[in-house]
$ cat protein-v5.cif   # mmCIF, C-alpha atoms
data_data
#
loop_
_atom_site.label_atom_id
_atom_site.label_comp_id
_atom_site.auth_asym_id
_atom_site.auth_seq_id
_atom_site.Cartn_x
_atom_site.Cartn_y
_atom_site.Cartn_z
CA MET E 160 37.13 64.61 -42.20
CA THR E 161 36.41 65.72 -45.77
CA ARG E 162 34.51 63.44 -48.14
CA GLU E 163 37.72 62.70 -50.03
CA ASP E 164 39.54 61.87 -46.79
CA PHE E 165 36.66 59.68 -45.68
CA ARG E 166 36.62 57.85 -49.02
CA SER E 167 40.36 57.23 -48.83
CA GLU E 168 40.22 56.04 -45.22
CA CYS E 169 37.19 53.85 -45.88
CA LYS E 170 38.85 52.11 -48.82
CA ARG E 171 42.07 51.68 -46.83
CA ILE E 172 40.36 50.06 -43.83
CA PHE E 173 38.19 47.82 -46.00
CA ALA E 174 41.27 46.70 -47.94
CA LEU E 175 43.11 45.89 -44.70
CA ASN E 176 40.22 43.58 -43.86
CA GLU E 177 40.31 42.03 -47.35
CA LEU E 178 36.93 43.47 -48.31
CA PRO E 179 36.17 45.39 -51.51
CA CYS E 180 34.91 48.98 -51.34
CA SER E 181 34.34 51.15 -54.42
CA ASP E 182 34.42 54.95 -54.52
CA GLU E 183 30.63 54.98 -54.82
CA GLN E 184 30.19 52.67 -51.83
CA ALA E 185 32.61 54.75 -49.75
CA ASP E 186 30.70 57.91 -50.66
CA ARG E 187 27.41 56.27 -49.62
CA LEU E 188 28.98 55.30 -46.30
CA CYS E 189 30.15 58.88 -45.88
CA GLU E 190 26.56 60.10 -46.38
CA LEU E 191 25.36 57.50 -43.89
CA THR E 192 27.97 58.63 -41.35
CA GLU E 193 27.08 62.30 -41.72
CA ARG E 194 23.39 61.59 -41.24
CA MET E 195 23.91 59.17 -38.34
CA LEU E 196 26.13 61.58 -36.41
CA GLU E 197 23.72 64.47 -36.99
CA VAL E 198 20.68 62.47 -35.80
CA ASN E 199 22.77 61.05 -32.96
CA LYS E 200 22.83 64.51 -31.39
CA SER E 201 19.15 64.14 -30.51
CA MET E 202 18.68 60.36 -30.55
CA ASN E 203 20.79 57.58 -29.03
CA LEU E 204 21.95 55.73 -32.16
CA THR E 205 25.60 54.96 -31.44
CA ALA E 206 28.24 55.48 -28.78
CA ILE E 207 30.91 55.36 -31.50
CA THR E 208 31.44 58.83 -32.95
CA ASP E 209 35.01 58.68 -34.28
CA GLU E 210 34.78 58.27 -38.06
CA LYS E 211 37.60 55.72 -38.35
CA ALA E 212 36.04 53.66 -35.57
CA ILE E 213 32.63 53.88 -37.30
CA ILE E 214 34.14 52.55 -40.53
CA LEU E 215 35.68 49.58 -38.75
CA ARG E 216 33.23 48.75 -35.98
CA HIS E 217 29.98 49.45 -37.82
CA TYR E 218 30.64 49.17 -41.55
CA VAL E 219 33.40 46.58 -41.92
CA ASP E 220 31.78 44.57 -39.13
CA SER E 221 28.46 44.59 -41.01
CA ILE E 222 29.98 43.56 -44.33
CA THR E 223 31.88 40.55 -42.92
CA ILE E 224 28.73 38.48 -43.47
CA SER E 225 28.13 39.58 -47.06
CA SER E 226 29.96 36.73 -48.79
CA TRP E 227 27.87 34.20 -46.84
CA ILE E 228 24.54 35.53 -48.12
CA PRO E 229 23.23 34.06 -51.41
CA GLU E 230 22.59 36.26 -54.44
CA GLY E 231 19.10 37.77 -54.45
CA ALA E 232 18.30 36.55 -50.93
CA SER E 233 15.52 37.89 -48.74
CA LEU E 234 16.93 38.93 -45.37
CA ILE E 235 15.47 40.15 -42.10
CA ASP E 236 17.69 41.98 -39.62
CA VAL E 237 16.25 41.38 -36.14
CA GLY E 238 16.98 44.10 -33.60
CA CYS E 239 18.55 46.29 -36.27
CA GLY E 240 19.03 49.29 -33.96
CA ALA E 241 20.60 52.11 -35.98
CA GLY E 242 20.56 49.93 -39.08
CA PHE E 243 23.46 47.53 -38.66
CA PRO E 244 24.04 45.39 -40.59
CA SER E 245 20.96 46.39 -42.67
CA LEU E 246 22.10 49.69 -44.16
CA PRO E 247 25.72 48.79 -45.04
CA LEU E 248 24.49 45.51 -46.56
CA ALA E 249 21.94 47.42 -48.63
CA ILE E 250 24.72 49.65 -49.96
CA PHE E 251 27.07 46.78 -50.81
CA ARG E 252 24.43 44.24 -51.84
CA PRO E 253 21.67 45.93 -53.89
CA ASP E 254 20.55 42.43 -54.94
CA LEU E 255 19.29 41.69 -51.42
CA ARG E 256 15.72 42.31 -50.24
CA ILE E 257 16.21 43.55 -46.69
CA THR E 258 13.70 43.99 -43.88
CA SER E 259 14.92 45.91 -40.83
CA LEU E 260 13.03 45.05 -37.63
CA ASP E 261 13.36 46.77 -34.27
CA GLY E 262 11.13 47.31 -31.27
CA THR E 263 11.95 51.02 -31.03
CA ALA E 264 9.77 53.02 -33.41
CA LYS E 265 12.08 56.06 -33.45
CA ARG E 266 15.00 53.97 -34.63
CA ILE E 267 12.91 52.34 -37.34
CA THR E 268 11.77 55.77 -38.51
CA TYR E 269 15.44 56.78 -38.67
CA VAL E 270 16.36 53.63 -40.64
CA ALA E 271 13.48 54.13 -43.09
CA GLU E 272 14.24 57.81 -43.63
CA THR E 273 17.97 57.12 -44.00
CA ALA E 274 17.34 54.41 -46.58
CA LYS E 275 15.22 56.90 -48.54
CA VAL E 276 17.86 59.65 -48.29
CA LEU E 277 20.54 57.25 -49.52
CA GLY E 278 18.33 55.92 -52.30
CA LEU E 279 18.28 52.39 -50.92
CA SER E 280 15.12 50.96 -52.45
CA ASN E 281 15.95 47.44 -51.20
CA VAL E 282 15.24 48.23 -47.53
CA ALA E 283 11.88 47.99 -45.74
CA ALA E 284 11.78 49.02 -42.08
CA ILE E 285 9.17 47.80 -39.60
CA ALA E 286 8.67 48.54 -35.92
CA GLY E 287 7.57 45.77 -33.61
CA ARG E 288 8.56 42.86 -31.44
CA ALA E 289 10.33 39.92 -33.02
CA GLU E 290 8.29 37.33 -31.14
CA GLU E 291 5.06 38.84 -32.51
CA TYR E 292 6.24 39.13 -36.11
CA GLY E 293 7.65 35.61 -35.85
CA LEU E 294 4.08 34.33 -35.43
CA ASN E 295 2.74 36.44 -38.29
CA SER E 296 2.23 34.32 -41.43
CA ALA E 297 3.41 37.23 -43.61
CA TYR E 298 6.86 37.00 -42.00
CA ARG E 299 7.09 33.54 -40.48
CA GLU E 300 9.46 31.29 -42.46
CA GLN E 301 9.51 33.81 -45.32
CA PHE E 302 13.22 34.73 -45.35
CA ASP E 303 16.34 33.11 -46.75
CA VAL E 304 18.51 34.69 -44.05
CA VAL E 305 17.97 36.21 -40.63
CA THR E 306 20.72 38.31 -39.07
CA ALA E 307 21.14 39.62 -35.55
CA ARG E 308 24.03 41.74 -34.30
CA ALA E 309 24.66 42.16 -30.58
CA VAL E 310 20.98 41.67 -29.71
CA ALA E 311 20.72 38.96 -27.03
CA ASN E 312 22.16 35.71 -25.74
CA LEU E 313 21.89 32.96 -28.35
CA SER E 314 19.52 30.92 -26.17
CA VAL E 315 17.06 33.79 -26.47
CA LEU E 316 18.04 34.85 -29.96
CA GLY E 317 17.50 31.41 -31.47
CA GLU E 318 13.84 31.34 -30.48
CA LEU E 319 13.31 34.89 -31.74
CA CYS E 320 15.12 34.48 -35.07
CA LEU E 321 14.74 30.93 -36.38
CA PRO E 322 10.96 31.22 -36.88
CA PHE E 323 11.62 33.81 -39.62
CA VAL E 324 13.82 31.49 -41.70
CA LYS E 325 12.63 29.24 -44.51
CA VAL E 326 13.71 25.61 -44.38
CA GLY E 327 16.95 25.60 -46.33
CA GLY E 328 17.86 29.11 -45.20
CA GLN E 329 20.12 30.17 -42.38
CA MET E 330 20.48 32.33 -39.30
CA ILE E 331 23.65 34.40 -38.91
CA ALA E 332 24.38 35.61 -35.37
CA MET E 333 27.10 38.26 -35.11
CA LYS E 334 28.85 37.76 -31.79
CA SER E 335 32.04 38.49 -29.88
CA LYS E 336 34.16 36.56 -27.38
CA GLN E 337 31.50 34.45 -25.62
CA ALA E 338 30.18 32.84 -28.80
CA GLU E 339 31.41 29.30 -28.11
CA GLU E 340 29.78 29.19 -24.68
CA GLU E 341 26.56 30.73 -25.97
CA LEU E 342 26.43 28.20 -28.80
CA LYS E 343 26.88 25.29 -26.41
CA ASN E 344 24.14 26.56 -24.11
CA ALA E 345 21.77 27.23 -27.02
CA ALA E 346 21.99 23.74 -28.56
CA HIS E 347 18.56 22.65 -27.26
CA CYS E 348 16.89 25.90 -28.37
CA ILE E 349 18.37 25.65 -31.86
CA ALA E 350 17.26 22.04 -32.33
CA LEU E 351 13.77 22.70 -30.96
CA CYS E 352 13.23 25.66 -33.29
CA GLY E 353 14.27 23.79 -36.43
CA GLY E 354 17.96 24.62 -36.57
CA GLY E 355 20.68 22.20 -37.63
CA THR E 356 24.33 21.84 -36.70
CA ALA E 357 25.85 25.30 -36.27
CA SER E 358 29.27 26.41 -37.45
CA LEU E 359 31.41 29.18 -36.02
CA LEU E 360 33.80 31.49 -37.86
CA ASP E 361 36.45 33.68 -36.21
CA CYS E 362 36.90 37.19 -37.63
CA ARG E 363 39.58 39.74 -36.83
CA LEU E 364 38.82 43.37 -37.65
CA THR E 365 41.71 45.80 -37.96
CA ALA E 366 42.19 49.46 -38.82
CA ASP E 367 45.98 49.49 -38.73
CA GLY E 368 47.08 45.95 -39.57
CA GLU E 369 48.28 45.25 -36.03
CA GLU E 370 45.62 45.68 -33.36
CA ASN E 371 42.64 43.39 -33.89
CA GLU E 372 39.07 43.35 -32.66
CA GLU E 373 37.70 39.86 -32.22
CA ARG E 374 34.39 38.92 -33.79
CA LYS E 375 32.67 35.56 -34.21
CA LEU E 376 29.97 34.62 -36.69
CA ILE E 377 27.58 31.78 -35.90
CA PHE E 378 25.84 30.14 -38.87
CA ILE E 379 22.77 28.02 -38.14
CA PRO E 380 21.05 26.21 -41.02
CA LYS E 381 17.27 25.84 -40.89
CA ILE E 382 16.55 22.15 -41.47
CA ALA E 383 12.98 21.81 -40.17
CA ARG E 384 9.95 24.02 -39.67
CA THR E 385 9.66 25.76 -36.32
CA PRO E 386 6.87 24.25 -34.15
CA LYS E 387 3.82 26.51 -34.14
CA ASN E 388 4.08 27.26 -30.40
CA TYR E 389 7.39 29.10 -30.90
CA PRO E 390 8.35 31.83 -30.39
CA ARG E 391 6.73 32.22 -27.00
CA HIS E 392 5.88 35.55 -25.35
CA PHE E 393 9.11 37.41 -24.57
CA SER E 394 8.51 37.27 -20.82
CA LYS E 395 8.64 33.48 -21.04
CA ILE E 396 11.63 33.48 -23.40
CA SER E 397 13.66 35.71 -21.10
CA LYS E 398 12.66 34.03 -17.85
CA LYS E 399 13.07 30.47 -19.09
CA PRO E 400 15.15 30.16 -22.27
CA LEU E 401 14.78 26.87 -24.10
#
$ encode --input "protein-v5.cif" --output "structure tokens"
Amino acid sequence: MTREDFRSECKRIFALNELPCSDEQADRLCELTERMLEVNKSMNLTAITDEKAIILRHYVDSITISSWIPEGASLIDVGCGAGFPSLPLAIFRPDLRITSLDGTAKRITYVAETAKVLGLSNVAAIAGRAEEYGLNSAYREQFDVVTARAVANLSVLGELCLPFVKVGGQMIAMKSKQAEEELKNAAHCIALCGGGTASLLDCRLTADGEENEERKLIFIPKIARTPKNYPRHFSKISKKPL
């Protein structure tokens, strides 16, 4: 697909999903796609290699949360993987201060280098475990928003993510079909870690106007400080979720 074709297809798919996409943003996404697919030949970044599918399932999916993030917010993307939603958000929301966190150093190196190549000065990438950074005073309760996309069950995710959020901020979990059940099972974890009453939003992603991919966004407000003994070591979190 040529750059012009990619730009046209990108704008078309974003418009179908009622999301804005300028020529400049589409060109940035094209650069991101070219780099991701090239690096993907030697590193496992994504199983999705069709460009139209990348636009929908990585880029549109990432930007669905944009309108729910306040202007100028600080955001940490826990388990960012290949940089989703971090990198698309950085392209579409230069006002955000984004920290990409992942436990795999190679992926974080890729995210950092890609941000530099794309000229995204609003992205900082750090390698490490969420439960360790969540206890670090430099990161604990320092962010307006924490995001997590397809990382873990919400009963685990809540304990890993909520410690990063300031009181008055929010956690946004990007989920699929099992979101309602996960939310029900995570109620105790959310309350214990300082979260308030969660809300759930259904999203339908489409590339042709007919077939839809189901997505669900879970919004959890932070209403109280997380007790100092959370998050626990990951072995305890995974063996006995709250």
$ closest_residue --input "protein-v5.cif" --among "E:Asp186, E:Asp164, E:Asp236, E:Glu370" --to "Arg256 in chain E" --atoms "all atoms listed in the file"
E:Asp236
$ resolve_selection --input "protein-v5.cif" --expression "the PyMOL selection byres ((chain E and resi 279-295) around 6)" --output "list in words"
Arg256, Ile257, Thr258, Ser259, Leu260, Asp261, Gly262, Ala264, Ile267, Ala271, Ala274, Lys275, Leu277, Gly278, Ser296, Ala297, Tyr298, Arg299, Leu319, Pro322, Phe323 and Pro390 of chain E
$ resolve_selection --input "protein-v5.cif" --expression "the PyMOL selection byres ((chain E and resi 310) around 9)" --output "JSON, numbers by chain"
{"E": [237, 238, 239, 240, 307, 308, 309, 311, 312, 313, 316, 332, 333]}
$ resolve_selection --input "protein-v5.cif" --expression "the PyMOL selection byres ((chain E and resi 339-355) around 6)" --output "count of residues only"
13
$ atom_distance --input "protein-v5.cif" --atom1 "CA of Ile377 in chain E" --atom2 "CA of Asp361 in chain E"
9.1 Å
$ atom_distance --input "protein-v5.cif" --atom1 "CA of Arg363 in chain E" --atom2 "CA of Phe243 in chain E"
18.0 Å
$ atom_distance --input "protein-v5.cif" --atom1 "CA of Cys189 in chain E" --atom2 "CA of Glu210 in chain E"
9.1 Å
$ closest_residue --input "protein-v5.cif" --among "E:Lys387, E:Arg194, E:Arg252, E:Arg266" --to "Glu300 in chain E" --atoms "all atoms listed in the file"
E:Lys387
$ closest_atom_pairs --input "protein-v5.cif" --of "range 294-383 of chain E" --to "range 169-176 of chain E" --cutoff "12 Å" --atoms "only C-alpha atoms" --output "Markdown table"
| residue | atom | partner | partner_atom | distance |
| --- | --- | --- | --- | --- |
| E:Cys362 | CA | E:Asn176 | CA | 9.5 |
| E:Arg363 | CA | E:Asn176 | CA | 8.0 |
| E:Leu364 | CA | E:Asn176 | CA | 6.4 |
| E:Thr365 | CA | E:Asn176 | CA | 6.5 |
| E:Ala366 | CA | E:Ile172 | CA | 5.4 |
| E:Asp367 | CA | E:Leu175 | CA | 7.5 |
| E:Gly368 | CA | E:Leu175 | CA | 6.5 |
| E:Glu369 | CA | E:Leu175 | CA | 10.1 |
| E:Glu370 | CA | E:Leu175 | CA | 11.6 |
| E:Asn371 | CA | E:Asn176 | CA | 10.3 |
| E:Glu372 | CA | E:Asn176 | CA | 11.3 |
$ residues_around --input "protein-v5.cif" --residues "Ile331 in chain E" --least-positions-apart "4" --cutoff "7 Å" --atoms "all atoms listed in the file" --output "PyMOL selection string"
chain E and resi 305-307+376-379
$ residues_around --input "protein-v5.cif" --residues "Leu255 in chain E" --least-positions-apart "2" --cutoff "9 Å" --atoms "all atoms listed in the file" --output "list in words"
Ile228, Pro229, Glu230, Gly231, Ala232, Ser233, Leu234, Leu248, Ala249, Arg252, Pro253, Ile257, Asn281 and Val282 of chain E
$ closest_residue --input "protein-v5.cif" --among "E:Glu318, E:Ala357, E:Phe302, E:Ala241" --to "Asn203 in chain E" --atoms "all atoms listed in the file"
E:Ala241
$ closest_residue --input "protein-v5.cif" --among "E:Tyr269, E:Arg187, E:Leu246, E:Leu359" --to "Ser201 in chain E" --atoms "only C-alpha atoms"
E:Tyr269
$ closest_residue --input "protein-v5.cif" --among "E:His392, E:Ile235, E:Leu196, E:Arg166" --to "Val324 in chain E" --atoms "all atoms listed in the file"
E:Ile235
$ decode --input "protein-v5.cif" --residues "range 164-308 of chain E" --atoms "C-alpha atoms" --output "PDB file, in the first residue's frame"
ATOM      1  CA  ASP E 164      -3.374   4.782  -0.319  1.00  0.00           C
ATOM      2  CA  PHE E 165      -2.642   4.282   3.366  1.00  0.00           C
ATOM      3  CA  ARG E 166      -3.630   7.869   4.162  1.00  0.00           C
ATOM      4  CA  SER E 167      -6.894   7.497   2.264  1.00  0.00           C
ATOM      5  CA  GLU E 168      -7.725   4.154   3.881  1.00  0.00           C
ATOM      6  CA  CYS E 169      -6.788   5.414   7.339  1.00  0.00           C
ATOM      7  CA  LYS E 170      -9.037   8.461   7.055  1.00  0.00           C
ATOM      8  CA  ARG E 171     -11.865   6.326   5.663  1.00  0.00           C
ATOM      9  CA  ILE E 172     -11.749   3.785   8.503  1.00  0.00           C
ATOM     10  CA  PHE E 173     -11.427   6.457  11.185  1.00  0.00           C
ATOM     11  CA  ALA E 174     -14.408   8.311   9.703  1.00  0.00           C
ATOM     12  CA  LEU E 175     -16.493   5.118   9.701  1.00  0.00           C
ATOM     13  CA  ASN E 176     -15.814   4.912  13.434  1.00  0.00           C
ATOM     14  CA  GLU E 177     -16.703   8.592  13.911  1.00  0.00           C
ATOM     15  CA  LEU E 178     -13.154   9.555  14.829  1.00  0.00           C
ATOM     16  CA  PRO E 179     -11.175  12.444  13.310  1.00  0.00           C
ATOM     17  CA  CYS E 180      -7.919  11.772  11.467  1.00  0.00           C
ATOM     18  CA  SER E 181      -5.936  14.475   9.664  1.00  0.00           C
ATOM     19  CA  ASP E 182      -3.547  13.934   6.756  1.00  0.00           C
ATOM     20  CA  GLU E 183      -0.613  14.522   9.114  1.00  0.00           C
ATOM     21  CA  GLN E 184      -1.910  12.002  11.649  1.00  0.00           C
ATOM     22  CA  ALA E 185      -2.515   9.421   8.916  1.00  0.00           C
ATOM     23  CA  ASP E 186       1.022   9.936   7.617  1.00  0.00           C
ATOM     24  CA  ARG E 187       2.421   9.449  11.131  1.00  0.00           C
ATOM     25  CA  LEU E 188       0.436   6.219  11.450  1.00  0.00           C
ATOM     26  CA  CYS E 189       1.823   5.117   8.095  1.00  0.00           C
ATOM     27  CA  GLU E 190       5.380   5.688   9.395  1.00  0.00           C
ATOM     28  CA  LEU E 191       4.497   3.768  12.550  1.00  0.00           C
ATOM     29  CA  THR E 192       3.106   0.883  10.485  1.00  0.00           C
ATOM     30  CA  GLU E 193       6.172   0.695   8.253  1.00  0.00           C
ATOM     31  CA  ARG E 194       8.511   0.632  11.231  1.00  0.00           C
ATOM     32  CA  MET E 195       6.410  -1.855  13.225  1.00  0.00           C
ATOM     33  CA  LEU E 196       6.174  -4.322  10.340  1.00  0.00           C
ATOM     34  CA  GLU E 197       9.898  -4.050   9.628  1.00  0.00           C
ATOM     35  CA  VAL E 198      10.876  -4.642  13.281  1.00  0.00           C
ATOM     36  CA  ASN E 199       8.222  -7.367  13.508  1.00  0.00           C
ATOM     37  CA  LYS E 200      10.332  -9.493  11.160  1.00  0.00           C
ATOM     38  CA  SER E 201      12.859 -10.004  13.951  1.00  0.00           C
ATOM     39  CA  MET E 202      10.793  -9.293  17.075  1.00  0.00           C
ATOM     40  CA  ASN E 203       7.317 -10.487  18.068  1.00  0.00           C
ATOM     41  CA  LEU E 204       5.390  -7.196  18.145  1.00  0.00           C
ATOM     42  CA  THR E 205       2.075  -8.059  16.512  1.00  0.00           C
ATOM     43  CA  ALA E 206       0.260 -10.971  14.907  1.00  0.00           C
ATOM     44  CA  ILE E 207      -1.720  -8.486  12.797  1.00  0.00           C
ATOM     45  CA  THR E 208       0.178  -7.682   9.608  1.00  0.00           C
ATOM     46  CA  ASP E 209      -2.579  -6.623   7.194  1.00  0.00           C
ATOM     47  CA  GLU E 210      -2.482  -2.821   6.975  1.00  0.00           C
ATOM     48  CA  LYS E 211      -6.263  -2.338   7.023  1.00  0.00           C
ATOM     49  CA  ALA E 212      -6.531  -4.597  10.059  1.00  0.00           C
ATOM     50  CA  ILE E 213      -3.701  -2.673  11.769  1.00  0.00           C
ATOM     51  CA  ILE E 214      -5.554   0.610  11.224  1.00  0.00           C
ATOM     52  CA  LEU E 215      -8.732  -0.761  12.770  1.00  0.00           C
ATOM     53  CA  ARG E 216      -7.532  -3.155  15.452  1.00  0.00           C
ATOM     54  CA  HIS E 217      -4.509  -1.210  16.682  1.00  0.00           C
ATOM     55  CA  TYR E 218      -5.005   2.455  15.808  1.00  0.00           C
ATOM     56  CA  VAL E 219      -8.765   3.035  15.904  1.00  0.00           C
ATOM     57  CA  ASP E 220      -8.956   0.754  18.939  1.00  0.00           C
ATOM     58  CA  SER E 221      -6.313   2.854  20.721  1.00  0.00           C
ATOM     59  CA  ILE E 222      -7.977   6.176  19.920  1.00  0.00           C
ATOM     60  CA  THR E 223     -11.432   5.139  21.205  1.00  0.00           C
ATOM     61  CA  ILE E 224     -10.343   6.273  24.673  1.00  0.00           C
ATOM     62  CA  SER E 225      -8.993   9.666  23.592  1.00  0.00           C
ATOM     63  CA  SER E 226     -12.144  11.700  24.248  1.00  0.00           C
ATOM     64  CA  TRP E 227     -12.268  10.375  27.816  1.00  0.00           C
ATOM     65  CA  ILE E 228      -8.809  11.665  28.725  1.00  0.00           C
ATOM     66  CA  PRO E 229      -8.595  15.251  30.078  1.00  0.00           C
ATOM     67  CA  GLU E 230      -6.540  17.909  28.313  1.00  0.00           C
ATOM     68  CA  GLY E 231      -2.896  17.940  29.416  1.00  0.00           C
ATOM     69  CA  ALA E 232      -3.245  14.749  31.466  1.00  0.00           C
ATOM     70  CA  SER E 233      -0.371  12.590  32.634  1.00  0.00           C
ATOM     71  CA  LEU E 234      -0.946   8.987  31.556  1.00  0.00           C
ATOM     72  CA  ILE E 235       0.795   5.683  32.169  1.00  0.00           C
ATOM     73  CA  ASP E 236       0.162   2.765  29.815  1.00  0.00           C
ATOM     74  CA  VAL E 237       0.700  -0.434  31.811  1.00  0.00           C
ATOM     75  CA  GLY E 238       1.772  -3.448  29.759  1.00  0.00           C
ATOM     76  CA  CYS E 239       2.117  -1.316  26.642  1.00  0.00           C
ATOM     77  CA  GLY E 240       3.566  -4.120  24.508  1.00  0.00           C
ATOM     78  CA  ALA E 241       4.274  -2.732  21.037  1.00  0.00           C
ATOM     79  CA  GLY E 242       3.054   0.687  22.134  1.00  0.00           C
ATOM     80  CA  PHE E 243      -0.724   0.446  22.145  1.00  0.00           C
ATOM     81  CA  PRO E 244      -2.452   2.654  23.027  1.00  0.00           C
ATOM     82  CA  SER E 245       0.648   4.772  23.880  1.00  0.00           C
ATOM     83  CA  LEU E 246       1.974   5.593  20.422  1.00  0.00           C
ATOM     84  CA  PRO E 247      -1.331   6.334  18.621  1.00  0.00           C
ATOM     85  CA  LEU E 248      -2.424   8.465  21.590  1.00  0.00           C
ATOM     86  CA  ALA E 249       0.856  10.382  21.433  1.00  0.00           C
ATOM     87  CA  ILE E 250       0.232  11.098  17.745  1.00  0.00           C
ATOM     88  CA  PHE E 251      -3.365  12.232  18.226  1.00  0.00           C
ATOM     89  CA  ARG E 252      -2.938  13.877  21.634  1.00  0.00           C
ATOM     90  CA  PRO E 253       0.354  15.823  21.775  1.00  0.00           C
ATOM     91  CA  ASP E 254      -0.987  17.530  24.921  1.00  0.00           C
ATOM     92  CA  LEU E 255      -0.672  14.291  26.913  1.00  0.00           C
ATOM     93  CA  ARG E 256       2.392  13.307  28.942  1.00  0.00           C
ATOM     94  CA  ILE E 257       2.641   9.570  28.334  1.00  0.00           C
ATOM     95  CA  THR E 258       4.707   6.932  30.119  1.00  0.00           C
ATOM     96  CA  SER E 259       4.864   3.518  28.437  1.00  0.00           C
ATOM     97  CA  LEU E 260       5.595   0.668  30.860  1.00  0.00           C
ATOM     98  CA  ASP E 261       6.291  -2.953  29.970  1.00  0.00           C
ATOM     99  CA  GLY E 262       8.194  -5.814  31.528  1.00  0.00           C
ATOM    100  CA  THR E 263       9.941  -6.741  28.271  1.00  0.00           C
ATOM    101  CA  ALA E 264      13.006  -4.564  27.756  1.00  0.00           C
ATOM    102  CA  LYS E 265      13.206  -5.216  23.999  1.00  0.00           C
ATOM    103  CA  ARG E 266       9.687  -3.926  23.480  1.00  0.00           C
ATOM    104  CA  ILE E 267      10.366  -0.829  25.547  1.00  0.00           C
ATOM    105  CA  THR E 268      13.504  -0.172  23.506  1.00  0.00           C
ATOM    106  CA  TYR E 269      11.360  -0.461  20.374  1.00  0.00           C
ATOM    107  CA  VAL E 270       8.720   1.928  21.784  1.00  0.00           C
ATOM    108  CA  ALA E 271      11.365   4.474  22.830  1.00  0.00           C
ATOM    109  CA  GLU E 272      13.181   4.329  19.496  1.00  0.00           C
ATOM    110  CA  THR E 273       9.909   4.517  17.551  1.00  0.00           C
ATOM    111  CA  ALA E 274       8.771   7.558  19.518  1.00  0.00           C
ATOM    112  CA  LYS E 275      12.083   9.227  18.668  1.00  0.00           C
ATOM    113  CA  VAL E 276      11.828   8.318  14.969  1.00  0.00           C
ATOM    114  CA  LEU E 277       8.293   9.719  14.825  1.00  0.00           C
ATOM    115  CA  GLY E 278       9.266  12.849  16.736  1.00  0.00           C
ATOM    116  CA  LEU E 279       6.959  12.090  19.655  1.00  0.00           C
ATOM    117  CA  SER E 280       8.529  14.072  22.470  1.00  0.00           C
ATOM    118  CA  ASN E 281       5.569  13.375  24.788  1.00  0.00           C
ATOM    119  CA  VAL E 282       6.440   9.686  25.313  1.00  0.00           C
ATOM    120  CA  ALA E 283       8.763   8.236  27.964  1.00  0.00           C
ATOM    121  CA  ALA E 284       9.321   4.471  27.906  1.00  0.00           C
ATOM    122  CA  ILE E 285      10.412   2.445  30.933  1.00  0.00           C
ATOM    123  CA  ALA E 286      11.092  -1.260  31.360  1.00  0.00           C
ATOM    124  CA  GLY E 287      10.032  -2.981  34.544  1.00  0.00           C
ATOM    125  CA  ARG E 288       7.300  -4.708  36.470  1.00  0.00           C
ATOM    126  CA  ALA E 289       4.129  -2.796  37.244  1.00  0.00           C
ATOM    127  CA  GLU E 290       3.931  -4.050  40.826  1.00  0.00           C
ATOM    128  CA  GLU E 291       7.438  -2.708  41.516  1.00  0.00           C
ATOM    129  CA  TYR E 292       6.900   0.692  39.904  1.00  0.00           C
ATOM    130  CA  GLY E 293       3.545   0.916  41.678  1.00  0.00           C
ATOM    131  CA  LEU E 294       5.423   0.993  44.994  1.00  0.00           C
ATOM    132  CA  ASN E 295       7.950   3.557  43.771  1.00  0.00           C
ATOM    133  CA  SER E 296       7.125   7.038  45.114  1.00  0.00           C
ATOM    134  CA  ALA E 297       8.209   8.603  41.803  1.00  0.00           C
ATOM    135  CA  TYR E 298       5.342   6.789  40.047  1.00  0.00           C
ATOM    136  CA  ARG E 299       2.866   5.852  42.757  1.00  0.00           C
ATOM    137  CA  GLU E 300      -0.293   7.993  42.569  1.00  0.00           C
ATOM    138  CA  GLN E 301       1.428  10.375  40.146  1.00  0.00           C
ATOM    139  CA  PHE E 302      -0.814   9.963  37.074  1.00  0.00           C
ATOM    140  CA  ASP E 303      -4.171  11.367  36.041  1.00  0.00           C
ATOM    141  CA  VAL E 304      -4.942   8.285  33.951  1.00  0.00           C
ATOM    142  CA  VAL E 305      -3.721   4.708  33.762  1.00  0.00           C
ATOM    143  CA  THR E 306      -4.542   2.607  30.714  1.00  0.00           C
ATOM    144  CA  ALA E 307      -4.196  -1.107  30.091  1.00  0.00           C
ATOM    145  CA  ARG E 308      -5.095  -2.913  26.880  1.00  0.00           C
TER     146      ARG E 308
END
